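To be precise, the following lines are model_2.cif, and they hold mmCIF, C-alpha atoms, pLDDT in the B column; chains and numbers go by the auth columns.
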data_final
loop_
_atom_site.group_PDB
_atom_site.id
_atom_site.type_symbol
_atom_site.label_atom_id
_atom_site.label_comp_id
_atom_site.label_asym_id
_atom_site.label_seq_id
_atom_site.Cartn_x
_atom_site.Cartn_y
_atom_site.Cartn_z
_atom_site.B_iso_or_equiv
_atom_site.auth_seq_id
_atom_site.auth_asym_id
ATOM 1 C CA MET A 1 122.676 200.076 40.570 45.00 56 A
ATOM 2 C CA ASN A 2 126.108 200.112 38.951 50.00 57 A
ATOM 3 C CA THR A 3 126.257 197.430 36.285 54.00 58 A
ATOM 4 C CA ASP A 4 129.614 198.620 34.925 62.00 59 A
ATOM 5 C CA ILE A 5 131.673 196.963 37.668 75.00 60 A
ATOM 6 C CA ASN A 6 133.509 193.829 36.576 88.00 61 A
ATOM 7 C CA ILE A 7 133.703 192.118 39.938 94.00 62 A
ATOM 8 C CA LEU A 8 135.180 188.893 38.555 96.00 63 A
ATOM 9 C CA THR A 9 137.520 188.748 35.575 96.00 64 A
ATOM 10 C CA THR A 10 139.748 186.147 33.965 96.00 65 A
ATOM 11 C CA ARG A 11 142.981 186.680 32.086 95.00 66 A
ATOM 12 C CA ASP A 12 144.130 184.111 29.519 94.00 67 A
ATOM 13 C CA LEU A 13 142.454 181.396 31.575 94.00 68 A
ATOM 14 C CA GLN A 14 142.896 177.764 30.528 93.00 69 A
ATOM 15 C CA ILE A 15 140.665 175.200 32.210 92.00 70 A
ATOM 16 C CA GLY A 16 140.612 171.436 32.195 89.00 71 A
ATOM 17 C CA TYR A 17 142.697 168.582 33.505 84.00 72 A
ATOM 18 C CA GLU A 18 145.706 167.272 31.612 77.00 73 A
ATOM 19 C CA LYS A 19 144.237 168.547 28.340 80.00 74 A
ATOM 20 C CA PRO A 20 142.759 172.072 28.168 79.00 75 A
ATOM 21 C CA LEU A 21 139.009 172.286 27.541 82.00 76 A
ATOM 22 C CA CYS A 22 139.173 176.003 26.812 82.00 77 A
ATOM 23 C CA LYS A 23 142.092 178.327 26.194 80.00 78 A
ATOM 24 C CA SER A 24 142.695 182.053 26.598 87.00 79 A
ATOM 25 C CA LEU A 25 139.400 182.894 28.303 93.00 80 A
ATOM 26 C CA ASN A 26 139.119 186.606 29.055 94.00 81 A
ATOM 27 C CA LEU A 27 135.748 186.906 30.771 95.00 82 A
ATOM 28 C CA ASN A 28 133.927 189.427 32.941 94.00 83 A
ATOM 29 C CA LEU A 29 131.103 189.083 35.449 96.00 84 A
ATOM 30 C CA LYS A 30 129.269 192.324 36.123 93.00 85 A
ATOM 31 C CA CYS A 31 127.350 193.358 39.224 94.00 86 A
ATOM 32 C CA GLY A 32 123.612 193.612 38.639 95.00 87 A
ATOM 33 C CA ASN A 33 123.664 191.113 35.776 96.00 88 A
ATOM 34 C CA LEU A 34 122.449 187.553 35.284 97.00 89 A
ATOM 35 C CA THR A 35 124.881 185.702 33.032 97.00 90 A
ATOM 36 C CA CYS A 36 123.865 182.339 31.596 97.00 91 A
ATOM 37 C CA LEU A 37 126.409 179.738 30.499 96.00 92 A
ATOM 38 C CA ILE A 38 125.213 177.259 27.895 93.00 93 A
ATOM 39 C CA GLY A 39 126.810 174.460 25.906 87.00 94 A
ATOM 40 C CA SER A 40 126.434 170.758 25.190 80.00 95 A
ATOM 41 C CA ASN A 41 127.151 168.032 27.732 79.00 96 A
ATOM 42 C CA GLY A 42 130.835 167.334 28.258 81.00 97 A
ATOM 43 C CA VAL A 43 132.035 170.629 26.846 84.00 98 A
ATOM 44 C CA GLY A 44 133.311 171.771 30.258 88.00 99 A
ATOM 45 C CA LYS A 45 130.670 174.041 31.797 91.00 100 A
ATOM 46 C CA SER A 46 130.929 172.539 35.281 91.00 101 A
ATOM 47 C CA THR A 47 134.728 172.582 35.049 93.00 102 A
ATOM 48 C CA LEU A 48 134.630 176.298 34.263 94.00 103 A
ATOM 49 C CA LEU A 49 132.316 177.045 37.191 95.00 104 A
ATOM 50 C CA ARG A 50 134.394 174.982 39.612 94.00 105 A
ATOM 51 C CA THR A 51 137.546 176.740 38.419 95.00 106 A
ATOM 52 C CA LEU A 52 136.002 180.186 38.833 96.00 107 A
ATOM 53 C CA ALA A 53 134.968 179.225 42.374 94.00 108 A
ATOM 54 C CA ASN A 54 138.523 178.050 43.162 94.00 109 A
ATOM 55 C CA LEU A 55 137.352 174.465 43.700 93.00 110 A
ATOM 56 C CA GLN A 56 139.611 173.339 40.884 92.00 111 A
ATOM 57 C CA ALA A 57 142.937 174.777 39.826 93.00 112 A
ATOM 58 C CA PRO A 58 143.246 176.260 36.337 93.00 113 A
ATOM 59 C CA ILE A 59 145.853 174.936 33.953 93.00 114 A
ATOM 60 C CA SER A 60 147.101 178.484 33.514 93.00 115 A
ATOM 61 C CA GLY A 61 145.940 182.082 33.610 94.00 116 A
ATOM 62 C CA GLN A 62 144.392 184.235 36.305 95.00 117 A
ATOM 63 C CA ILE A 63 141.040 184.694 38.030 96.00 118 A
ATOM 64 C CA LEU A 64 140.583 188.038 39.748 96.00 119 A
ATOM 65 C CA ILE A 65 137.941 189.196 42.204 95.00 120 A
ATOM 66 C CA ASN A 66 137.911 192.971 42.545 92.00 121 A
ATOM 67 C CA GLY A 67 141.320 192.983 40.881 92.00 122 A
ATOM 68 C CA VAL A 68 142.880 190.528 43.346 94.00 123 A
ATOM 69 C CA SER A 69 144.035 187.060 42.279 94.00 124 A
ATOM 70 C CA ILE A 70 141.720 184.389 43.656 94.00 125 A
ATOM 71 C CA GLN A 71 144.732 182.227 44.502 89.00 126 A
ATOM 72 C CA SER A 72 145.986 184.872 46.943 91.00 127 A
ATOM 73 C CA VAL A 73 142.622 185.273 48.706 90.00 128 A
ATOM 74 C CA SER A 74 142.136 183.352 51.956 90.00 129 A
ATOM 75 C CA LYS A 75 139.378 180.756 52.176 89.00 130 A
ATOM 76 C CA SER A 76 137.551 182.968 54.674 88.00 131 A
ATOM 77 C CA GLU A 77 137.715 185.983 52.341 91.00 132 A
ATOM 78 C CA LEU A 78 136.597 183.897 49.371 93.00 133 A
ATOM 79 C CA THR A 79 133.508 182.575 51.177 93.00 134 A
ATOM 80 C CA ARG A 80 132.511 186.187 51.827 93.00 135 A
ATOM 81 C CA SER A 81 132.975 187.073 48.166 95.00 136 A
ATOM 82 C CA LEU A 82 131.562 184.086 46.295 96.00 137 A
ATOM 83 C CA SER A 83 128.911 181.437 46.928 95.00 138 A
ATOM 84 C CA ILE A 84 128.307 178.393 44.750 94.00 139 A
ATOM 85 C CA VAL A 85 125.376 176.016 44.349 92.00 140 A
ATOM 86 C CA LEU A 86 126.327 172.738 42.660 86.00 141 A
ATOM 87 C CA THR A 87 124.077 170.204 40.953 73.00 142 A
ATOM 88 C CA ASP A 88 124.793 167.569 43.608 67.00 143 A
ATOM 89 C CA LYS A 89 121.822 167.101 45.902 62.00 144 A
ATOM 90 C CA ALA A 90 122.871 167.950 49.436 60.00 145 A
ATOM 91 C CA ALA A 91 122.483 165.131 51.948 61.00 146 A
ATOM 92 C CA ALA A 92 120.444 167.387 54.190 66.00 147 A
ATOM 93 C CA GLY A 93 117.261 165.414 54.718 66.00 148 A
ATOM 94 C CA GLY A 94 117.699 165.495 58.492 86.00 149 A
ATOM 95 C CA LEU A 95 117.941 169.285 58.586 91.00 150 A
ATOM 96 C CA THR A 96 115.092 171.746 58.627 95.00 151 A
ATOM 97 C CA VAL A 97 114.793 174.376 55.925 95.00 152 A
ATOM 98 C CA PHE A 98 116.001 177.034 58.362 96.00 153 A
ATOM 99 C CA GLU A 99 118.996 174.926 59.456 94.00 154 A
ATOM 100 C CA LEU A 100 120.125 174.300 55.887 94.00 155 A
ATOM 101 C CA ALA A 101 119.811 177.966 54.933 95.00 156 A
ATOM 102 C CA ALA A 102 121.666 178.879 58.144 94.00 157 A
ATOM 103 C CA MET A 103 124.756 177.077 56.819 92.00 158 A
ATOM 104 C CA GLY A 104 125.236 180.101 54.596 94.00 159 A
ATOM 105 C CA ARG A 105 126.142 182.115 57.680 93.00 160 A
ATOM 106 C CA HIS A 106 129.158 179.932 58.571 90.00 161 A
ATOM 107 C CA PRO A 107 131.693 182.425 57.147 88.00 162 A
ATOM 108 C CA TYR A 108 130.481 184.936 59.742 86.00 163 A
ATOM 109 C CA THR A 109 129.805 182.830 62.847 82.00 164 A
ATOM 110 C CA ASN A 110 132.150 182.436 65.775 65.00 165 A
ATOM 111 C CA PHE A 111 134.376 179.431 66.520 56.00 166 A
ATOM 112 C CA PHE A 112 131.419 177.454 67.877 61.00 167 A
ATOM 113 C CA GLY A 113 129.224 178.207 64.875 71.00 168 A
ATOM 114 C CA ARG A 114 126.604 180.032 66.913 84.00 169 A
ATOM 115 C CA ILE A 115 124.296 182.334 65.006 89.00 170 A
ATOM 116 C CA THR A 116 123.218 185.679 66.391 92.00 171 A
ATOM 117 C CA ASP A 117 119.871 187.413 66.164 94.00 172 A
ATOM 118 C CA ASP A 118 121.252 189.378 63.221 95.00 173 A
ATOM 119 C CA ASP A 119 122.169 186.096 61.504 94.00 174 A
ATOM 120 C CA LYS A 120 118.646 184.781 62.109 95.00 175 A
ATOM 121 C CA ASN A 121 117.157 187.900 60.548 96.00 176 A
ATOM 122 C CA ILE A 122 119.371 187.496 57.480 96.00 177 A
ATOM 123 C CA ILE A 123 118.370 183.820 57.140 96.00 178 A
ATOM 124 C CA ASP A 124 114.673 184.649 57.518 97.00 179 A
ATOM 125 C CA LYS A 125 114.974 187.380 54.874 95.00 180 A
ATOM 126 C CA SER A 126 116.734 184.992 52.479 95.00 181 A
ATOM 127 C CA LEU A 127 113.966 182.419 52.885 96.00 182 A
ATOM 128 C CA GLU A 128 111.364 185.108 52.256 94.00 183 A
ATOM 129 C CA GLN A 129 113.160 186.298 49.129 89.00 184 A
ATOM 130 C CA VAL A 130 112.970 182.858 47.525 90.00 185 A
ATOM 131 C CA GLY A 131 109.395 182.245 48.689 90.00 186 A
ATOM 132 C CA ILE A 132 110.050 179.320 51.012 94.00 187 A
ATOM 133 C CA ALA A 133 109.765 181.028 54.439 96.00 188 A
ATOM 134 C CA HIS A 134 106.444 179.290 55.108 96.00 189 A
ATOM 135 C CA LYS A 135 108.334 175.978 55.282 96.00 190 A
ATOM 136 C CA LYS A 136 111.227 177.114 57.460 95.00 191 A
ATOM 137 C CA ASP A 137 110.435 174.476 60.113 96.00 192 A
ATOM 138 C CA SER A 138 109.869 171.640 57.619 95.00 193 A
ATOM 139 C CA TYR A 139 112.508 168.992 57.047 93.00 194 A
ATOM 140 C CA VAL A 140 114.385 169.212 53.766 91.00 195 A
ATOM 141 C CA SER A 141 113.434 165.581 53.080 90.00 196 A
ATOM 142 C CA GLU A 142 109.792 166.671 52.915 91.00 197 A
ATOM 143 C CA LEU A 143 110.359 169.172 50.119 90.00 198 A
ATOM 144 C CA SER A 144 109.877 168.866 46.389 88.00 199 A
ATOM 145 C CA ASP A 145 112.924 169.249 44.144 84.00 200 A
ATOM 146 C CA GLY A 146 111.873 172.797 43.309 85.00 201 A
ATOM 147 C CA GLU A 147 111.465 173.721 46.960 89.00 202 A
ATOM 148 C CA ARG A 148 114.822 172.187 47.839 89.00 203 A
ATOM 149 C CA GLN A 149 116.475 174.213 45.097 88.00 204 A
ATOM 150 C CA LYS A 150 114.947 177.373 46.549 90.00 205 A
ATOM 151 C CA VAL A 151 116.447 176.535 49.937 92.00 206 A
ATOM 152 C CA MET A 152 119.888 176.078 48.360 92.00 207 A
ATOM 153 C CA ILE A 153 119.536 179.505 46.744 91.00 208 A
ATOM 154 C CA ALA A 154 118.408 180.943 50.098 94.00 209 A
ATOM 155 C CA LYS A 155 121.544 179.461 51.674 94.00 210 A
ATOM 156 C CA ALA A 156 123.652 181.215 49.039 94.00 211 A
ATOM 157 C CA LEU A 157 121.797 184.484 49.644 94.00 212 A
ATOM 158 C CA ALA A 158 122.315 184.166 53.389 95.00 213 A
ATOM 159 C CA GLN A 159 126.038 183.986 52.669 95.00 214 A
ATOM 160 C CA GLN A 160 125.724 187.616 51.497 94.00 215 A
ATOM 161 C CA THR A 161 128.302 187.418 48.717 96.00 216 A
ATOM 162 C CA PRO A 162 128.413 189.762 45.722 95.00 217 A
ATOM 163 C CA ILE A 163 128.989 186.781 43.388 97.00 218 A
ATOM 164 C CA LEU A 164 126.648 183.776 43.053 97.00 219 A
ATOM 165 C CA ILE A 165 127.537 180.808 40.842 97.00 220 A
ATOM 166 C CA LEU A 166 124.967 178.082 40.197 95.00 221 A
ATOM 167 C CA ASP A 167 125.516 174.877 38.242 94.00 222 A
ATOM 168 C CA GLU A 168 122.305 173.658 36.565 91.00 223 A
ATOM 169 C CA PRO A 169 119.909 175.041 39.225 89.00 224 A
ATOM 170 C CA THR A 170 116.891 174.023 37.105 87.00 225 A
ATOM 171 C CA ALA A 171 117.924 170.382 36.670 84.00 226 A
ATOM 172 C CA PHE A 172 115.221 167.894 37.746 80.00 227 A
ATOM 173 C CA LEU A 173 112.578 170.642 37.928 85.00 228 A
ATOM 174 C CA ASP A 174 109.291 170.794 36.048 86.00 229 A
ATOM 175 C CA ALA A 175 108.658 173.547 33.491 89.00 230 A
ATOM 176 C CA ALA A 176 106.920 175.944 35.883 88.00 231 A
ATOM 177 C CA ALA A 177 109.618 175.557 38.545 86.00 232 A
ATOM 178 C CA ARG A 178 112.384 176.131 35.957 89.00 233 A
ATOM 179 C CA VAL A 179 110.863 179.447 34.935 92.00 234 A
ATOM 180 C CA GLU A 180 110.294 180.456 38.559 89.00 235 A
ATOM 181 C CA VAL A 181 113.899 179.725 39.583 89.00 236 A
ATOM 182 C CA MET A 182 115.350 181.610 36.611 93.00 237 A
ATOM 183 C CA GLN A 183 113.086 184.604 37.273 93.00 238 A
ATOM 184 C CA LEU A 184 114.186 184.547 40.900 91.00 239 A
ATOM 185 C CA LEU A 185 117.874 184.579 39.952 94.00 240 A
ATOM 186 C CA HIS A 186 117.318 187.437 37.527 95.00 241 A
ATOM 187 C CA CYS A 187 115.628 189.451 40.272 93.00 242 A
ATOM 188 C CA VAL A 188 118.434 188.654 42.716 92.00 243 A
ATOM 189 C CA ALA A 189 121.014 189.926 40.221 95.00 244 A
ATOM 190 C CA ASN A 190 119.142 193.069 39.185 94.00 245 A
ATOM 191 C CA GLU A 191 117.571 194.096 42.490 92.00 246 A
ATOM 192 C CA GLN A 192 120.428 193.159 44.839 92.00 247 A
ATOM 193 C CA ASN A 193 123.207 194.243 42.452 94.00 248 A
ATOM 194 C CA LYS A 194 124.873 190.823 42.484 95.00 249 A
ATOM 195 C CA ALA A 195 126.841 189.099 39.752 96.00 250 A
ATOM 196 C CA VAL A 196 124.947 185.858 39.129 97.00 251 A
ATOM 197 C CA LEU A 197 126.374 183.170 36.841 97.00 252 A
ATOM 198 C CA VAL A 198 124.157 180.201 35.956 97.00 253 A
ATOM 199 C CA SER A 199 124.904 177.178 33.776 95.00 254 A
ATOM 200 C CA THR A 200 121.799 175.778 32.146 93.00 255 A
ATOM 201 C CA HIS A 201 120.488 173.579 29.358 88.00 256 A
ATOM 202 C CA GLU A 202 117.397 175.794 29.140 88.00 257 A
ATOM 203 C CA VAL A 203 118.693 177.679 26.119 88.00 258 A
ATOM 204 C CA GLY A 204 115.425 179.343 25.144 87.00 259 A
ATOM 205 C CA LEU A 205 114.663 180.408 28.694 91.00 260 A
ATOM 206 C CA ALA A 206 118.208 181.700 29.173 93.00 261 A
ATOM 207 C CA MET A 207 117.982 183.794 26.011 92.00 262 A
ATOM 208 C CA GLN A 208 114.700 185.311 27.198 91.00 263 A
ATOM 209 C CA ILE A 209 115.874 186.262 30.679 94.00 264 A
ATOM 210 C CA ALA A 210 119.681 186.646 30.806 95.00 265 A
ATOM 211 C CA ASP A 211 121.501 189.969 30.610 96.00 266 A
ATOM 212 C CA ASN A 212 124.635 188.305 29.259 96.00 267 A
ATOM 213 C CA MET A 213 125.398 184.961 27.634 95.00 268 A
ATOM 214 C CA TRP A 214 128.483 182.760 27.683 96.00 269 A
ATOM 215 C CA ILE A 215 128.401 180.151 24.924 93.00 270 A
ATOM 216 C CA MET A 216 130.808 177.247 25.391 90.00 271 A
ATOM 217 C CA LEU A 217 131.384 175.266 22.203 86.00 272 A
ATOM 218 C CA LYS A 218 133.906 172.714 21.007 79.00 273 A
ATOM 219 C CA SER A 219 134.917 175.275 18.393 78.00 274 A
ATOM 220 C CA GLY A 220 135.500 178.048 20.915 83.00 275 A
ATOM 221 C CA PHE A 221 133.905 180.445 23.384 91.00 276 A
ATOM 222 C CA LYS A 222 131.574 183.384 22.781 91.00 277 A
ATOM 223 C CA ALA A 223 130.628 185.969 25.413 93.00 278 A
ATOM 224 C CA GLY A 224 128.550 189.121 25.214 93.00 279 A
ATOM 225 C CA THR A 225 125.195 190.662 25.938 93.00 280 A
ATOM 226 C CA THR A 226 122.226 188.502 25.004 92.00 281 A
ATOM 227 C CA ALA A 227 121.505 190.746 22.011 91.00 282 A
ATOM 228 C CA GLU A 228 125.125 190.568 20.818 92.00 283 A
ATOM 229 C CA VAL A 229 125.232 186.790 21.078 89.00 284 A
ATOM 230 C CA ALA A 230 121.814 186.397 19.411 88.00 285 A
ATOM 231 C CA SER A 231 122.930 188.374 16.357 87.00 286 A
ATOM 232 C CA SER A 232 126.397 186.800 16.113 86.00 287 A
ATOM 233 C CA GLY A 233 125.332 183.578 14.400 82.00 288 A
ATOM 234 C CA VAL A 234 126.961 181.430 17.073 84.00 289 A
ATOM 235 C CA MET A 235 123.630 180.139 18.411 82.00 290 A
ATOM 236 C CA ASP A 236 123.262 177.796 15.425 79.00 291 A
ATOM 237 C CA GLU A 237 126.340 175.943 16.719 79.00 292 A
ATOM 238 C CA VAL A 238 124.740 175.122 20.078 80.00 293 A
ATOM 239 C CA PHE A 239 122.776 172.261 18.512 74.00 294 A
ATOM 240 C CA ASP A 240 124.788 169.943 16.273 69.00 295 A
ATOM 241 C CA ASN A 241 121.794 169.510 13.996 72.00 296 A
ATOM 242 C CA GLN A 242 121.296 171.217 10.643 73.00 297 A
ATOM 243 C CA SER A 243 117.505 171.044 10.956 77.00 298 A
ATOM 244 C CA VAL A 244 117.465 173.183 14.117 77.00 299 A
ATOM 245 C CA LYS A 245 117.925 176.895 13.466 81.00 300 A
ATOM 246 C CA PHE A 246 118.068 179.864 15.819 79.00 301 A
ATOM 247 C CA ASP A 247 115.727 182.761 15.125 77.00 302 A
ATOM 248 C CA ALA A 248 117.490 185.960 16.207 77.00 303 A
ATOM 249 C CA ASP A 249 114.244 187.927 16.066 78.00 304 A
ATOM 250 C CA THR A 250 112.376 185.760 18.577 79.00 305 A
ATOM 251 C CA TYR A 251 115.378 184.397 20.529 80.00 306 A
ATOM 252 C CA SER A 252 114.087 180.872 19.958 76.00 307 A
ATOM 253 C CA TYR A 253 114.807 177.747 17.928 75.00 308 A
ATOM 254 C CA ARG A 254 112.728 176.319 15.127 78.00 309 A
ATOM 255 C CA ILE A 255 112.733 173.051 13.198 80.00 310 A
ATOM 256 C CA VAL A 256 113.367 173.672 9.504 76.00 311 A
ATOM 257 C CA GLY A 257 113.306 170.115 8.197 66.00 312 A
ATOM 258 C CA CYS A 258 113.781 166.439 8.907 59.00 313 A
ATOM 259 C CA SER A 259 116.966 165.344 10.629 50.00 314 A
ATOM 260 C CA HIS A 260 117.521 162.464 8.181 53.00 315 A
#
Do you think you could lay out the structure here as structure tokens?
Amino acid sequence: MNTDINILTTRDLQIGYEKPLCKSLNLNLKCGNLTCLIGSNGVGKSTLLRTLANLQAPISGQILINGVSIQSVSKSELTRSLSIVLTDKAAAGGLTVFELAAMGRHPYTNFFGRITDDDKNIIDKSLEQVGIAHKKDSYVSELSDGERQKVMIAKALAQQTPILILDEPTAFLDAAARVEVMQLLHCVANEQNKAVLVSTHEVGLAMQIADNMWIMLKSGFKAGTTAEVASSGVMDEVFDNQSVKFDADTYSYRIVGCSH
């Protein structure tokens, strides 16, 4: 595994709409690493992810995949380089688990969208990797939220891209399912040598499992290894509450007093 490869980089990136949410972002996503993006609601996490996936234009700056500007890459090339799972629940209740996961093979299918035996094997393997293969013939509408999220990850895996971006993949899940999904994504990054970027509100869980952290704050942006970020002092800014303090030794938060 080569974790020194920066497969996605940004140069002086500004994101937002008419008014920039963040300026001069110089970021790197490395193969073999799980990177977690955290920050309060409204700070611009989803905007950053959508911009990195070329679903939204940046205000200025560059996004490069393997050294090539994302704006110069064709849509077909991009779908073979990067897959994204958004928070929006897919209207896929009428599809089976296999059929939804099979949508990840669209960048590789012929004009008629027919999947080959090789495609079927890739889809089956993706479903097995996320632990949902036993429900491949079930309808998506019959699944729990956690199971549905696994299928969406399987779809992204079936797309066979080196970069996976997921926006709040643990939203709406119970505690056990949140841990399971984050462990799965960490394994995908480390074992399949993929660059996985996840936005999450699960700060404690992210600190325990991520290789790298991106901290998006109103005061600025901090990026580094989990250990670097934990010791930087920036984690106390994640919660706008003086009674909540980050413990760099345990990578967790503690209450130090009343909030009033």
Hits from the PyMOL selection byres ((chain A and resi 277) around 10), listed as a list in words | Leu80, Leu82, Leu92, Met268, Trp269, Ile270, Met271, Leu272, Ser274, Gly275, Phe276, Ala278, Gly279, Glu283, Val284, Ser287, Val289 and Met290 of chain A
Ile177 (chain A): which residues within 9 Å, counting all atoms listed in the file, same-chain residues fewer than 2 positions away excluded, as a ChimeraX atom specification?
-> /A:157,160,172-175,179-182,212-215
Convert the output of the PyMOL selection byres ((chain A and resi 244) around 12) on the shown file into explicit residues, formatted as a ChimeraX atom specification.
-> /A:56-58,84-91,212,216-220,237-243,245-253,264-267
Taking the file as shown, what set of residues would the PyMOL selection byres ((chain A and resi 72) around 12) give back, as a PyMOL selection string?
-> chain A and resi 69-71+73-77+99+102-103+106+111-115
Write out as a list in words which residues come within 10 Å of region 131-133 of chain A when counting all atoms listed in the file, dropping same-chain ones fewer than 3 positions away.
-> Ala108, Asn109, Ile120, Ile125, Gln126, Ser127, Val128, Ser136, Leu137, Ser138, His161, Pro162, Tyr163 and Thr216 of chain A
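Residues surrounding Val234 (chain A) within 12 Å are Gly201, Pro224, Thr225, Ala226, Leu228, Asp229, Ala230, Ala231, Ala232, Val236, Met237, Gln238, Leu239, Leu240, His241, Thr255, Glu257, Val258, Gly259, Leu260, Ala261, Gln263 and Ile264 of chain A [all atoms listed in the file; sequence separation below 2 positions excluded].
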Distance query Thr151 (chain A) at most 6 Å, only C-alpha atoms, self and fewer than 4 positions along chain excluded, as number ranges by chain | A: 192-195
Return the single residue from A:Phe227, A:Tyr306, A:Phe294, A:Phe301 that is closest to Ala282 (chain A), with distances computed using only C-alpha atoms.
->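 When distances to Ala282 (chain A) are compared using only C-alpha atoms, the smallest one comes from A:Tyr306.
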Assuming 5 Å of padding per side, give the centre and edge lengths of the axis-aligned box around every listed atom of region 108-117 of chain A, in Å to one decimal and as lines of an AutoDock Vina configuration file.
center_x = 141.0
center_y = 178.8
center_z = 38.6
size_x = 22.1
size_y = 20.9
size_z = 20.2
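Note that the spacing between CA of Gly186 (chain A) and CA of Val152 (chain A) amounts to 12.0 Å.
Within 9 Å of Asn81 (chain A), once all atoms listed in the file are used and residues closer than 2 positions along the same chain are dropped, the contacting residues are Thr64, Thr65, Arg66, Asp67, Leu68, Ser79 and Asn83 of chain A.
Nearest-residue note for Ile139 (chain A): choosing from A:Arg203, A:Lys100, A:Lys210, A:Lys273, the minimum distance belongs to A:Lys210, counting all atoms listed in the file.
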So, counting only C-alpha atoms, which residue among A:Leu198, A:Val311, A:Ile187, A:Leu63 is closest to Gln117 (chain A)?
->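 Checking each candidate against Gln117 (chain A), we get A:Leu63 as the closest.
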With distances taken over only C-alpha atoms, which of A:Ser286, A:Asn121, A:Thr142, A:Ser129 is nearest to Ser254 (chain A)?
->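 So, comparing all the options, the nearest one is A:Thr142.
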For CA of Lys78 (chain A) and CA of Tyr308 (chain A), determine how far apart the two atoms are, in Å to one decimal place.
->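 Pair CA of Lys78 (chain A) / CA of Tyr308 (chain A) returns 28.5 Å.
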Pairwise distance for CA of Asp222 (chain A) and CA of Leu104 (chain A), rounded to one decimal in Å =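 It comes out at 7.2 Å.
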Go through A:Ala156, A:Ala303, A:Ala209, A:Ser298 and flag the residue nearest Thr281 (chain A), using all atoms listed in the file for the distances.
->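 Checking each of A:Ala156, A:Ala303, A:Ala209, A:Ser298 against Thr281 (chain A), counting all atoms listed in the file, the winner is A:Ala303.
Distances from A:Gln297, A:Gly149, A:Arg135, A:Asp302 to Glu197 (chain A) were compared using only C-alpha atoms, and the smallest one belongs to A:Gly149.
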